[in-house]
$ cat final-v4.cif   # mmCIF, C-alpha atoms
data_target
#
loop_
_atom_site.label_atom_id
_atom_site.label_comp_id
_atom_site.auth_asym_id
_atom_site.auth_seq_id
_atom_site.Cartn_x
_atom_site.Cartn_y
_atom_site.Cartn_z
CA MET A 434 -9.13 -2.77 -17.31
CA GLY A 435 -8.37 -3.57 -13.73
CA LEU A 436 -9.65 -4.34 -10.30
CA MET A 437 -10.86 -1.94 -7.65
CA LEU A 438 -11.53 -2.70 -3.98
CA PHE A 439 -13.86 -0.24 -2.32
CA PRO A 440 -16.26 0.09 0.63
CA GLY A 441 -19.82 -0.89 -0.18
CA ASP A 442 -21.14 2.33 1.35
CA ASP A 443 -22.46 3.96 -1.85
CA ASP A 444 -20.26 6.98 -1.11
CA VAL A 445 -18.42 7.92 -4.29
CA ALA A 446 -15.99 9.98 -2.19
CA SER A 447 -14.81 6.94 -0.20
CA PRO A 448 -11.23 5.94 -0.95
CA ASP A 449 -10.48 2.82 -2.93
CA VAL A 450 -7.47 0.80 -3.95
CA SER A 451 -6.95 -0.44 -7.49
CA TRP A 452 -4.59 -2.59 -9.49
CA SER A 453 -4.36 -4.17 -12.87
CA TYR A 454 -5.29 -7.83 -12.60
CA ALA A 455 -1.61 -8.73 -13.01
CA GLY A 456 -0.68 -6.16 -10.36
CA PHE A 457 -3.19 -7.60 -7.90
CA GLY A 458 -1.80 -11.05 -8.59
CA MET A 459 1.71 -9.84 -7.79
CA PHE A 460 0.46 -8.10 -4.64
CA ARG A 461 -1.22 -11.29 -3.41
CA LYS A 462 1.86 -13.33 -4.27
CA TRP A 463 3.97 -10.96 -2.15
CA LEU A 464 1.49 -11.07 0.75
CA ALA A 465 1.54 -14.88 0.66
CA GLN A 466 5.35 -14.81 0.81
CA VAL A 467 5.19 -12.45 3.78
CA GLU A 468 2.82 -14.97 5.41
CA GLY A 469 5.29 -17.79 4.79
CA PHE A 470 3.81 -19.73 1.89
CA THR A 471 3.79 -19.73 -1.89
CA LEU A 472 0.54 -18.72 -3.53
CA ALA A 473 1.29 -20.88 -6.58
CA GLY A 474 1.23 -23.94 -4.33
CA MET A 475 -2.32 -23.26 -3.17
CA ASP A 476 -5.52 -24.84 -4.43
CA GLY A 477 -7.00 -22.51 -7.02
CA PHE A 478 -3.61 -21.07 -7.93
CA GLY A 479 -2.07 -24.11 -9.59
CA GLY A 480 -1.16 -26.14 -6.52
CA ASP A 481 -2.94 -28.67 -4.38
CA ARG A 482 -2.34 -27.29 -0.88
CA GLN A 483 -5.65 -26.66 0.83
CA TRP A 484 -6.41 -23.24 2.30
CA SER A 485 -7.41 -24.87 5.57
CA SER A 486 -3.71 -25.74 6.04
CA VAL A 487 -2.71 -22.06 6.04
CA SER A 488 -2.91 -20.03 9.22
CA THR A 489 -3.35 -16.41 8.19
CA THR A 490 -6.12 -13.91 8.70
CA LEU A 491 -5.37 -12.72 5.16
CA ALA A 492 -6.76 -15.92 3.58
CA PRO A 493 -10.10 -14.29 2.64
CA LEU A 494 -8.21 -11.71 0.56
CA LEU A 495 -5.66 -14.10 -0.84
CA ASN A 496 -8.20 -16.76 -1.82
CA HIS A 497 -10.85 -14.55 -3.39
CA PRO A 498 -12.01 -14.19 -7.01
CA ASP A 499 -10.38 -11.18 -8.61
CA ASP A 500 -13.36 -9.58 -10.23
CA GLU A 501 -16.48 -10.13 -8.18
CA GLY A 502 -17.91 -10.55 -4.73
CA ASP A 503 -17.08 -8.97 -1.44
CA LEU A 504 -15.65 -9.54 2.01
CA THR A 505 -17.71 -8.99 5.14
CA PRO A 506 -16.96 -6.27 7.69
CA THR A 507 -15.98 -9.06 10.11
CA GLN A 508 -13.43 -10.43 7.63
CA CYS A 509 -12.11 -6.90 7.08
CA ALA A 510 -11.74 -6.38 10.84
CA ALA A 511 -9.88 -9.69 11.17
CA MET A 512 -7.38 -8.74 8.46
CA LEU A 513 -6.63 -5.22 9.71
CA PRO A 514 -4.23 -6.07 12.58
CA ARG A 515 -2.08 -8.29 10.37
CA LEU A 516 -1.91 -5.74 7.56
CA GLU A 517 -1.02 -3.03 10.08
CA GLU A 518 1.70 -5.29 11.46
CA ILE A 519 3.09 -5.77 7.95
CA LEU A 520 3.13 -1.99 7.51
CA GLY A 521 5.09 -1.61 10.74
CA ARG A 522 7.65 -4.26 9.83
CA HIS A 523 8.29 -3.29 6.22
CA GLU A 524 9.47 0.26 6.02
CA PRO A 525 9.63 1.46 2.44
CA ASP A 526 13.20 1.53 1.19
CA ALA A 527 13.98 4.40 -1.16
CA GLY A 528 16.27 2.03 -3.05
CA ASP A 529 13.60 -0.63 -3.60
CA PRO A 530 10.70 0.77 -5.66
CA LEU A 531 8.88 -2.58 -5.70
CA LEU A 532 8.82 -2.83 -1.90
CA ARG A 533 7.77 0.82 -1.71
CA ARG A 534 4.86 0.04 -4.07
CA ARG A 535 3.78 -2.99 -1.98
CA ILE A 536 3.83 -0.93 1.21
CA GLU A 537 1.82 1.82 -0.47
CA ASP A 538 -0.71 -0.82 -1.57
CA VAL A 539 -0.96 -2.23 1.95
CA SER A 540 -1.42 1.27 3.35
CA ALA A 541 -4.20 2.07 0.87
CA LEU A 542 -5.88 -1.26 1.59
CA VAL A 543 -5.74 -0.61 5.35
CA THR A 544 -7.45 2.75 4.80
CA VAL A 545 -10.26 1.12 2.81
CA LEU A 546 -10.66 -1.73 5.30
CA ARG A 547 -10.93 0.73 8.20
CA ILE A 548 -13.83 2.45 6.44
CA CYS A 549 -15.52 -0.91 5.87
CA VAL A 550 -15.18 -1.74 9.55
CA ASP A 551 -16.18 1.73 10.81
CA LYS A 552 -19.26 1.88 8.58
CA ASP A 553 -20.03 -1.84 8.90
CA VAL A 554 -20.07 -2.35 5.13
CA GLU A 555 -18.55 -4.97 2.88
CA LEU A 556 -15.34 -4.64 0.89
CA VAL A 557 -16.44 -4.86 -2.74
CA PHE A 558 -14.33 -6.36 -5.51
CA GLY A 559 -15.23 -4.63 -8.74
#
$ encode --input "final-v4.cif" --output "structure tokens"
Amino acid sequence: MGLMLFPGDDDVASPDVSWSYAGFGMFRKWLAQVEGFTLAGMDGFGGDRQWSSVSTTLAPLLNHPDDEGDLTPTQCAAMLPRLEEILGRHEPDAGDPLLRRRIEDVSALVTVLRICVDKDVELVFG
């Protein structure tokens, strides 16, 4: 069992991105590190730091329930530039399979978010 993020466009041919729940947790932990903070220190993840103290457009993704809900097209549009910047700065290293996997995940997520923005539909967590 795992988690899938997909456009809420009712098009079964639309791309999606999926992880195991543990894999999604590791992906979010990595994104938080890229953004300069530790996810474990955040409220809802074992810490007491409030999300309002973090300045990142990725907060809606990082601080979202794993298995339900959605993000609005506006939230998707706000996250796209930062995720694209991360893609540009972190070239996959053939010698680092974990980094390569994270970059592949970011790339897949960018593809899905672009569809959400272009079609003006939500990003569904399912």
$ residues_around --input "final-v4.cif" --residues "Asp449 of chain A" --least-positions-apart "4" --cutoff "12 Å" --atoms "all atoms listed in the file" --output "list in words"
Leu436, Met437, Leu438, Phe439, Pro440, Gly441, Asp442, Asp444, Val445, Asp538, Val539, Ser540, Ala541, Leu542, Val543, Thr544, Val545, Leu546, Arg547, Ile548, Cys549, Leu556, Val557, Phe558 and Gly559 of chain A
$ residues_near_point --input "final-v4.cif" --point "(-11.3, -13.0, -4.9)" --cutoff "12 Å" --atoms "all atoms listed in the file" --output "ChimeraX atom specification"
/A:436-438,454,457-458,461,477-478,491-504,556-559
$ closest_residue --input "final-v4.cif" --among "A:Val487, A:Ser451, A:Asp443, A:Val467" --to "Leu520 of chain A" --atoms "only C-alpha atoms"
A:Val467
$ atom_distance --input "final-v4.cif" --atom1 "atom CA of Ala465 of chain A" --atom2 "atom CA of Glu555 of chain A"
22.5 Å
$ build_atoms --input "final-v4.cif" --residues "segment 485-496 of chain A" --atoms "all heavy atoms" --output "compact mmCIF listing (two decimals), in the frame of the given file"
# COMPACT_ATOMS: atom_id res chain seq x y z
N SER A 485 -7.23 -24.56 4.16
CA SER A 485 -7.41 -24.87 5.57
C SER A 485 -6.08 -25.19 6.26
O SER A 485 -5.99 -25.15 7.48
CB SER A 485 -8.37 -26.04 5.74
OG SER A 485 -7.88 -27.19 5.08
N SER A 486 -5.03 -25.45 5.46
CA SER A 486 -3.71 -25.74 6.04
C SER A 486 -2.90 -24.48 6.29
O SER A 486 -1.80 -24.56 6.84
CB SER A 486 -2.93 -26.68 5.12
OG SER A 486 -2.50 -26.00 3.95
N VAL A 487 -3.42 -23.32 5.90
CA VAL A 487 -2.71 -22.06 6.04
C VAL A 487 -3.31 -21.27 7.19
O VAL A 487 -4.52 -21.11 7.28
CB VAL A 487 -2.81 -21.23 4.73
CG1 VAL A 487 -2.17 -19.88 4.90
CG2 VAL A 487 -2.18 -21.98 3.57
N SER A 488 -2.45 -20.80 8.07
CA SER A 488 -2.91 -20.03 9.22
C SER A 488 -2.58 -18.56 9.01
O SER A 488 -1.50 -18.09 9.37
CB SER A 488 -2.24 -20.55 10.49
OG SER A 488 -2.66 -19.79 11.59
N THR A 489 -3.50 -17.85 8.38
CA THR A 489 -3.35 -16.41 8.19
C THR A 489 -4.72 -15.77 8.13
O THR A 489 -5.64 -16.31 7.49
CB THR A 489 -2.56 -16.06 6.91
OG1 THR A 489 -2.56 -14.62 6.75
CG2 THR A 489 -3.12 -16.70 5.67
N THR A 490 -4.86 -14.64 8.78
CA THR A 490 -6.12 -13.91 8.70
C THR A 490 -6.31 -13.27 7.33
O THR A 490 -7.39 -12.78 7.03
CB THR A 490 -6.19 -12.81 9.78
OG1 THR A 490 -5.08 -11.91 9.61
CG2 THR A 490 -6.17 -13.41 11.17
N LEU A 491 -5.28 -13.31 6.49
CA LEU A 491 -5.37 -12.72 5.16
C LEU A 491 -5.95 -13.68 4.12
O LEU A 491 -6.14 -13.30 2.97
CB LEU A 491 -3.99 -12.23 4.70
CG LEU A 491 -3.31 -11.21 5.60
CD1 LEU A 491 -1.97 -10.79 5.01
CD2 LEU A 491 -4.20 -10.01 5.86
N ALA A 492 -6.24 -14.92 4.52
CA ALA A 492 -6.76 -15.92 3.58
C ALA A 492 -7.99 -15.44 2.81
O ALA A 492 -8.07 -15.69 1.60
CB ALA A 492 -7.04 -17.24 4.30
N PRO A 493 -8.94 -14.74 3.42
CA PRO A 493 -10.10 -14.29 2.64
C PRO A 493 -9.72 -13.37 1.47
O PRO A 493 -10.36 -13.41 0.42
CB PRO A 493 -10.96 -13.53 3.65
CG PRO A 493 -10.59 -14.13 4.97
CD PRO A 493 -9.12 -14.44 4.84
N LEU A 494 -8.69 -12.58 1.64
CA LEU A 494 -8.21 -11.71 0.56
C LEU A 494 -7.40 -12.49 -0.46
O LEU A 494 -7.54 -12.30 -1.67
CB LEU A 494 -7.37 -10.57 1.14
CG LEU A 494 -6.71 -9.63 0.12
CD1 LEU A 494 -7.77 -8.80 -0.59
CD2 LEU A 494 -5.70 -8.73 0.82
N LEU A 495 -6.54 -13.36 0.04
CA LEU A 495 -5.66 -14.10 -0.84
C LEU A 495 -6.40 -15.12 -1.69
O LEU A 495 -6.03 -15.39 -2.82
CB LEU A 495 -4.55 -14.78 -0.03
CG LEU A 495 -3.62 -13.83 0.71
CD1 LEU A 495 -2.70 -14.61 1.63
CD2 LEU A 495 -2.83 -12.97 -0.26
N ASN A 496 -7.44 -15.72 -1.13
CA ASN A 496 -8.20 -16.76 -1.82
C ASN A 496 -9.57 -16.23 -2.20
O ASN A 496 -10.60 -16.73 -1.77
CB ASN A 496 -8.34 -17.99 -0.93
CG ASN A 496 -9.01 -19.14 -1.64
OD1 ASN A 496 -8.95 -19.27 -2.86
ND2 ASN A 496 -9.69 -19.98 -0.88
